[in-house]
Amino acid sequence: MVGSITWEYARFVIGIAVAVLTGVLAQLCFWVGPIPYTFQNTGFVLAGLLLDPLHAFLSMALYMLFIVVGLPMAAGFRGGIHVVLGYTGGYIVGFIFSAPLMSLLKRWYLGRGRKLNELTFTEYLILLLLSLIAALPTYTLGFLVFACHALGSEKLFSWALKVASSMGISSDSKLLTLFIASVLVFIPQDMLMDHVIALILARYIYEIALYRGFDLS
């Protein structure tokens with residue numbers, strides 16, 4: 001009984017820590033032309049790798065709650081309900097679904113008893129590919145919400161045109177232009193940086209947890 005309570009406590013602590021870390025990583029931003037890149041996608045992948053689906057969901061829900069109550073944990077040190085309802089809010093809501101999906105995919109692939117710190121390079125590559133599938137809810141909601149805002153905003157749509165142009169893509173389709181600007185341009189950085197960082201962090205956090213007597217498998 002005591003062990004069960006201790007393990008439940010550990011999962012909540014990890015979930016809270018990942019939510020806070022997601023807020024920190026959201027502030028790390030660099031620009032390539034007109035495109036801003038952050039590292040906040042690391043959060044939902046890390047939550048999915050370390051936690052069961054329920055606690056992964058709760059971790060990202062907590063991150064969204066932090067933003068809703070006004071803590072400056074969205075990209076650009078922004079906070080407040082208007083951020084979640086704004087043109088980037090779809091990504092934040094998407095994290096809530098992507099994190100448990102990452103957890104389910106990891107459990108399906110590794111099964112029970114497989115340890116994150118004992119995987120081969122090929123197995124890590126497969127987890128990386130699965131993380132792209134897990135990101136689909138975030139990309140989908142991010143695109144839909146951004147498109148709804150951008151179709152009614154000349155400023156946002158002009159930015160999307162500039163992003164597509166910077167990639168050498170020109171299209172008469174407004175939705176394709178918005179998809180490029182809100183999803184396509186971010187996939188390479190998400191996969192090669194955010195998700196790789198999450199895999200590396202998950203491995204070392206897993207080892208620390210094992211040392212402390214908690215098997216996160």
# chains A, B, ... in the order shown; residues from 1 in each chain; ligands from 1
>>> residues_around(residues="Ala150 (chain A)", least_positions_apart="5", cutoff="8 Å", atoms="only C-alpha atoms", output="MDAnalysis selection string")
chainID A and resid 87 155:157 178
>>> write_last_selection(atoms="N, CA and C atoms", output="tab-separated table (two decimals), in the first residue's frame")
chain	number	residue	atom	x	y	z
A	87	TYR	N	-4.68	32.53	-31.78
A	87	TYR	CA	-4.33	31.79	-33.00
A	87	TYR	C	-3.31	30.68	-32.78
A	155	LYS	N	-3.21	40.51	-41.37
A	155	LYS	CA	-1.85	40.47	-40.82
A	155	LYS	C	-1.34	39.04	-40.71
A	156	LEU	N	-2.15	38.14	-40.16
A	156	LEU	CA	-1.74	36.74	-40.01
A	156	LEU	C	-1.55	36.06	-41.36
A	157	PHE	N	-2.48	36.34	-42.28
A	157	PHE	CA	-2.38	35.70	-43.59
A	157	PHE	C	-1.16	36.22	-44.35
A	178	LEU	N	-1.68	28.27	-45.45
A	178	LEU	CA	-1.79	28.27	-43.99
A	178	LEU	C	-1.25	26.98	-43.40
>>> residues_around(residues="Phe30 (chain A)", least_positions_apart="6", cutoff="12 Å", atoms="only C-alpha atoms", output="CSV table (one decimal) with C-alpha atoms, in the first residue's frame")
chain,number,residue,atom,x,y,z
A,36,PRO,CA,9.8,31.4,-34.9
A,37,TYR,CA,10.9,28.1,-33.5
A,38,THR,CA,10.5,27.0,-29.8
A,39,PHE,CA,11.2,23.8,-27.9
A,75,ALA,CA,5.8,31.1,-25.9
A,76,GLY,CA,6.9,34.7,-25.5
A,189,GLN,CA,12.7,21.3,-36.2
>>> closest_residue(among="A:Leu101, A:Leu51, A:Val18, A:Cys29", to="Leu216 (chain A)", atoms="only C-alpha atoms")
A:Leu51
>>> residues_around(residues="Gly213 (chain A)", least_positions_apart="5", cutoff="12 Å", atoms="only C-alpha atoms", output="compact mmCIF listing (two decimals) with C-alpha atoms, in the first residue's frame")
# COMPACT_ATOMS: atom_id res chain seq x y z
CA GLY A 3 4.67 1.56 -2.23
CA THR A 6 4.72 6.50 -3.18
CA TRP A 7 4.59 5.53 -6.86
CA ALA A 10 6.18 10.10 -7.99
CA TYR A 206 14.43 7.03 -16.39
CA GLU A 207 17.89 6.10 -15.09
CA ILE A 208 17.57 8.54 -12.18
>>> atom_distance(atom1="CA of Asp194 (chain A)", atom2="CA of Met73 (chain A)")
17.0 Å
>>> residues_around(residues="Ile96 (chain A)", least_positions_apart="2", cutoff="10 Å", atoms="only C-alpha atoms", output="VMD selection string")
chain A and resid 44 56 to 64 91 to 94 98 to 101 137 to 138
>>> write_last_selection(atoms="N, CA and C atoms", output="CSV table (one decimal), in the first residue's frame")
chain,number,residue,atom,x,y,z
A,44,PHE,N,5.3,17.4,-24.5
A,44,PHE,CA,4.3,16.4,-24.6
A,44,PHE,C,5.0,15.0,-25.0
A,56,ALA,N,0.1,11.5,-18.4
A,56,ALA,CA,0.6,12.3,-19.5
A,56,ALA,C,-0.4,13.4,-19.8
A,57,PHE,N,-1.7,12.9,-19.9
A,57,PHE,CA,-2.8,13.8,-20.2
A,57,PHE,C,-2.8,14.9,-19.1
A,58,LEU,N,-2.8,14.5,-17.9
A,58,LEU,CA,-2.9,15.5,-16.8
A,58,LEU,C,-1.7,16.5,-16.7
A,59,SER,N,-0.6,16.0,-17.1
A,59,SER,CA,0.6,16.9,-17.1
A,59,SER,C,0.4,18.0,-18.1
A,60,MET,N,0.0,17.7,-19.3
A,60,MET,CA,-0.2,18.7,-20.3
A,60,MET,C,-1.5,19.6,-20.0
A,61,ALA,N,-2.5,19.0,-19.4
A,61,ALA,CA,-3.6,19.7,-19.0
A,61,ALA,C,-3.2,20.8,-17.9
A,62,LEU,N,-2.3,20.4,-17.1
A,62,LEU,CA,-1.8,21.3,-16.1
A,62,LEU,C,-1.0,22.4,-16.7
A,63,TYR,N,-0.2,22.1,-17.7
A,63,TYR,CA,0.5,23.2,-18.5
A,63,TYR,C,-0.5,24.2,-19.1
A,64,MET,N,-1.6,23.7,-19.7
A,64,MET,CA,-2.6,24.6,-20.2
A,64,MET,C,-3.3,25.4,-19.1
A,91,TYR,N,-2.3,24.6,-30.7
A,91,TYR,CA,-1.2,23.7,-30.4
A,91,TYR,C,-1.2,23.4,-28.9
A,92,ILE,N,-1.5,24.3,-28.0
A,92,ILE,CA,-1.5,24.1,-26.6
A,92,ILE,C,-2.6,23.1,-26.2
A,93,VAL,N,-3.8,23.2,-26.8
A,93,VAL,CA,-4.8,22.2,-26.5
A,93,VAL,C,-4.4,20.8,-27.1
A,94,GLY,N,-3.7,20.9,-28.3
A,94,GLY,CA,-3.3,19.6,-28.9
A,94,GLY,C,-2.3,18.8,-28.0
A,98,SER,N,-1.8,14.8,-27.6
A,98,SER,CA,-0.6,14.2,-28.1
A,98,SER,C,0.2,13.4,-27.0
A,99,ALA,N,0.2,14.0,-25.8
A,99,ALA,CA,0.9,13.3,-24.7
A,99,ALA,C,0.4,11.9,-24.4
A,100,PRO,N,-0.9,11.7,-24.2
A,100,PRO,CA,-1.3,10.3,-23.9
A,100,PRO,C,-1.2,9.4,-25.1
A,101,LEU,N,-1.3,10.0,-26.4
A,101,LEU,CA,-1.1,9.2,-27.6
A,101,LEU,C,0.3,8.7,-27.6
A,137,PRO,N,-2.4,15.2,-33.4
A,137,PRO,CA,-3.4,16.0,-32.8
A,137,PRO,C,-3.0,17.5,-32.6
A,138,THR,N,-1.7,17.7,-32.2
A,138,THR,CA,-1.2,19.0,-32.0
A,138,THR,C,-1.2,19.8,-33.4
>>> closest_residue(among="A:Leu151, A:Ile200, A:Leu184, A:Leu65", to="Asn117 (chain A)", atoms="only C-alpha atoms")
A:Ile200
>>> closest_residue(among="A:Arg107, A:Arg203, A:Lys115, A:His55", to="Arg11 (chain A)", atoms="only C-alpha atoms")
A:His55
>>> residues_around(residues="region 161-164 of chain A", least_positions_apart="5", cutoff="12 Å", atoms="only C-alpha atoms", output="number ranges by chain")
A: 31-36, 150-151, 154-156, 169-186
>>> write_last_selection(atoms="N, CA and C atoms", output="compact mmCIF listing (two decimals), in the first residue's frame")
# COMPACT_ATOMS: atom_id res chain seq x y z
N TRP A 31 14.81 32.32 -34.50
CA TRP A 31 14.11 32.66 -35.74
C TRP A 31 14.93 32.23 -36.94
N VAL A 32 14.25 31.70 -37.95
CA VAL A 32 14.85 31.45 -39.25
C VAL A 32 14.00 32.23 -40.24
N GLY A 33 14.49 33.38 -40.65
CA GLY A 33 13.67 34.27 -41.47
C GLY A 33 12.46 34.72 -40.67
N PRO A 34 11.26 34.57 -41.23
CA PRO A 34 10.05 35.01 -40.50
C PRO A 34 9.48 33.94 -39.57
N ILE A 35 10.18 32.79 -39.44
CA ILE A 35 9.61 31.65 -38.73
C ILE A 35 10.19 31.54 -37.31
N PRO A 36 9.33 31.61 -36.28
CA PRO A 36 9.80 31.43 -34.89
C PRO A 36 9.74 29.97 -34.48
N ALA A 150 -6.48 33.19 -39.14
CA ALA A 150 -5.76 33.82 -40.24
C ALA A 150 -6.67 34.19 -41.40
N LEU A 151 -7.73 33.41 -41.63
CA LEU A 151 -8.63 33.71 -42.73
C LEU A 151 -9.40 35.00 -42.49
N GLU A 154 -5.84 39.90 -41.99
CA GLU A 154 -4.90 40.21 -43.09
C GLU A 154 -3.46 40.12 -42.62
N LYS A 155 -3.21 40.51 -41.37
CA LYS A 155 -1.85 40.47 -40.82
C LYS A 155 -1.34 39.04 -40.71
N LEU A 156 -2.15 38.14 -40.16
CA LEU A 156 -1.74 36.74 -40.01
C LEU A 156 -1.55 36.06 -41.36
N ILE A 169 7.77 28.31 -51.84
CA ILE A 169 6.49 27.70 -52.22
C ILE A 169 5.47 28.80 -52.48
N SER A 170 4.81 28.69 -53.59
CA SER A 170 3.75 29.64 -53.93
C SER A 170 2.50 28.85 -54.30
N SER A 171 1.38 29.21 -53.72
CA SER A 171 0.15 28.46 -53.97
C SER A 171 -1.03 29.41 -54.00
N ASP A 172 -1.99 29.09 -54.87
CA ASP A 172 -3.23 29.87 -54.93
C ASP A 172 -4.20 29.44 -53.84
N SER A 173 -3.91 28.32 -53.21
CA SER A 173 -4.79 27.80 -52.16
C SER A 173 -4.45 28.45 -50.82
N LYS A 174 -5.40 29.14 -50.25
CA LYS A 174 -5.18 29.77 -48.95
C LYS A 174 -4.93 28.72 -47.87
N LEU A 175 -5.69 27.63 -47.90
CA LEU A 175 -5.54 26.61 -46.87
C LEU A 175 -4.18 25.93 -46.95
N LEU A 176 -3.68 25.70 -48.16
CA LEU A 176 -2.36 25.11 -48.31
C LEU A 176 -1.29 26.05 -47.78
N THR A 177 -1.44 27.33 -48.07
CA THR A 177 -0.50 28.33 -47.56
C THR A 177 -0.50 28.34 -46.04
N LEU A 178 -1.68 28.27 -45.45
CA LEU A 178 -1.79 28.27 -43.99
C LEU A 178 -1.25 26.98 -43.40
N PHE A 179 -1.45 25.86 -44.09
CA PHE A 179 -0.91 24.59 -43.61
C PHE A 179 0.61 24.61 -43.61
N ILE A 180 1.18 25.17 -44.65
CA ILE A 180 2.64 25.29 -44.73
C ILE A 180 3.16 26.12 -43.56
N ALA A 181 2.50 27.25 -43.31
CA ALA A 181 2.97 28.19 -42.29
C ALA A 181 2.72 27.72 -40.86
N SER A 182 1.69 26.91 -40.66
CA SER A 182 1.33 26.53 -39.29
C SER A 182 1.75 25.11 -38.92
N VAL A 183 2.12 24.29 -39.92
CA VAL A 183 2.49 22.90 -39.63
C VAL A 183 3.79 22.51 -40.32
N LEU A 184 3.79 22.59 -41.64
CA LEU A 184 4.89 22.01 -42.41
C LEU A 184 6.25 22.57 -42.04
N VAL A 185 6.32 23.88 -41.81
CA VAL A 185 7.63 24.49 -41.52
C VAL A 185 8.19 24.06 -40.16
N PHE A 186 7.32 23.56 -39.29
CA PHE A 186 7.77 23.23 -37.94
C PHE A 186 8.16 21.75 -37.77
>>> select_by_dssp(residues="chain A", states="strand (DSSP E or B)", output="count of residues only")
8
>>> select_by_dssp(residues="region 112-197 of chain A", states="helix (DSSP H, G or I)", output="VMD selection string")
chain A and resid 116 to 118 121 to 134 136 to 150 154 to 166 174 to 182 184 to 197
>>> closest_residue(among="A:Leu136, A:Leu127, A:Val13, A:Val196", to="Ala209 (chain A)", atoms="only C-alpha atoms")
A:Val13
>>> closest_residue(among="A:Leu49, A:Cys148, A:Leu85, A:Val69", to="Ala134 (chain A)", atoms="only C-alpha atoms")
A:Leu49
>>> atom_distance(atom1="CA of Gly70 (chain A)", atom2="CA of Phe12 (chain A)")
21.9 Å
>>> residues_around(residues="Gly86 (chain A)", least_positions_apart="5", cutoff="10 Å", atoms="only C-alpha atoms", output="compact mmCIF listing (two decimals) with N, CA and C atoms, in the first residue's frame")
# COMPACT_ATOMS: atom_id res chain seq x y z
N ILE A 81 -6.27 33.42 -20.55
CA ILE A 81 -7.21 32.63 -21.34
C ILE A 81 -7.17 33.05 -22.81
N VAL A 145 -7.11 25.92 -35.76
CA VAL A 145 -7.30 27.17 -35.02
C VAL A 145 -6.58 28.33 -35.71
N PHE A 146 -5.35 28.09 -36.15
CA PHE A 146 -4.62 29.15 -36.84
C PHE A 146 -5.34 29.57 -38.11
N CYS A 148 -8.55 29.38 -38.81
CA CYS A 148 -9.76 30.15 -38.46
C CYS A 148 -9.43 31.61 -38.18
N HIS A 149 -8.33 31.83 -37.49
CA HIS A 149 -7.93 33.21 -37.17
C HIS A 149 -7.34 33.91 -38.39
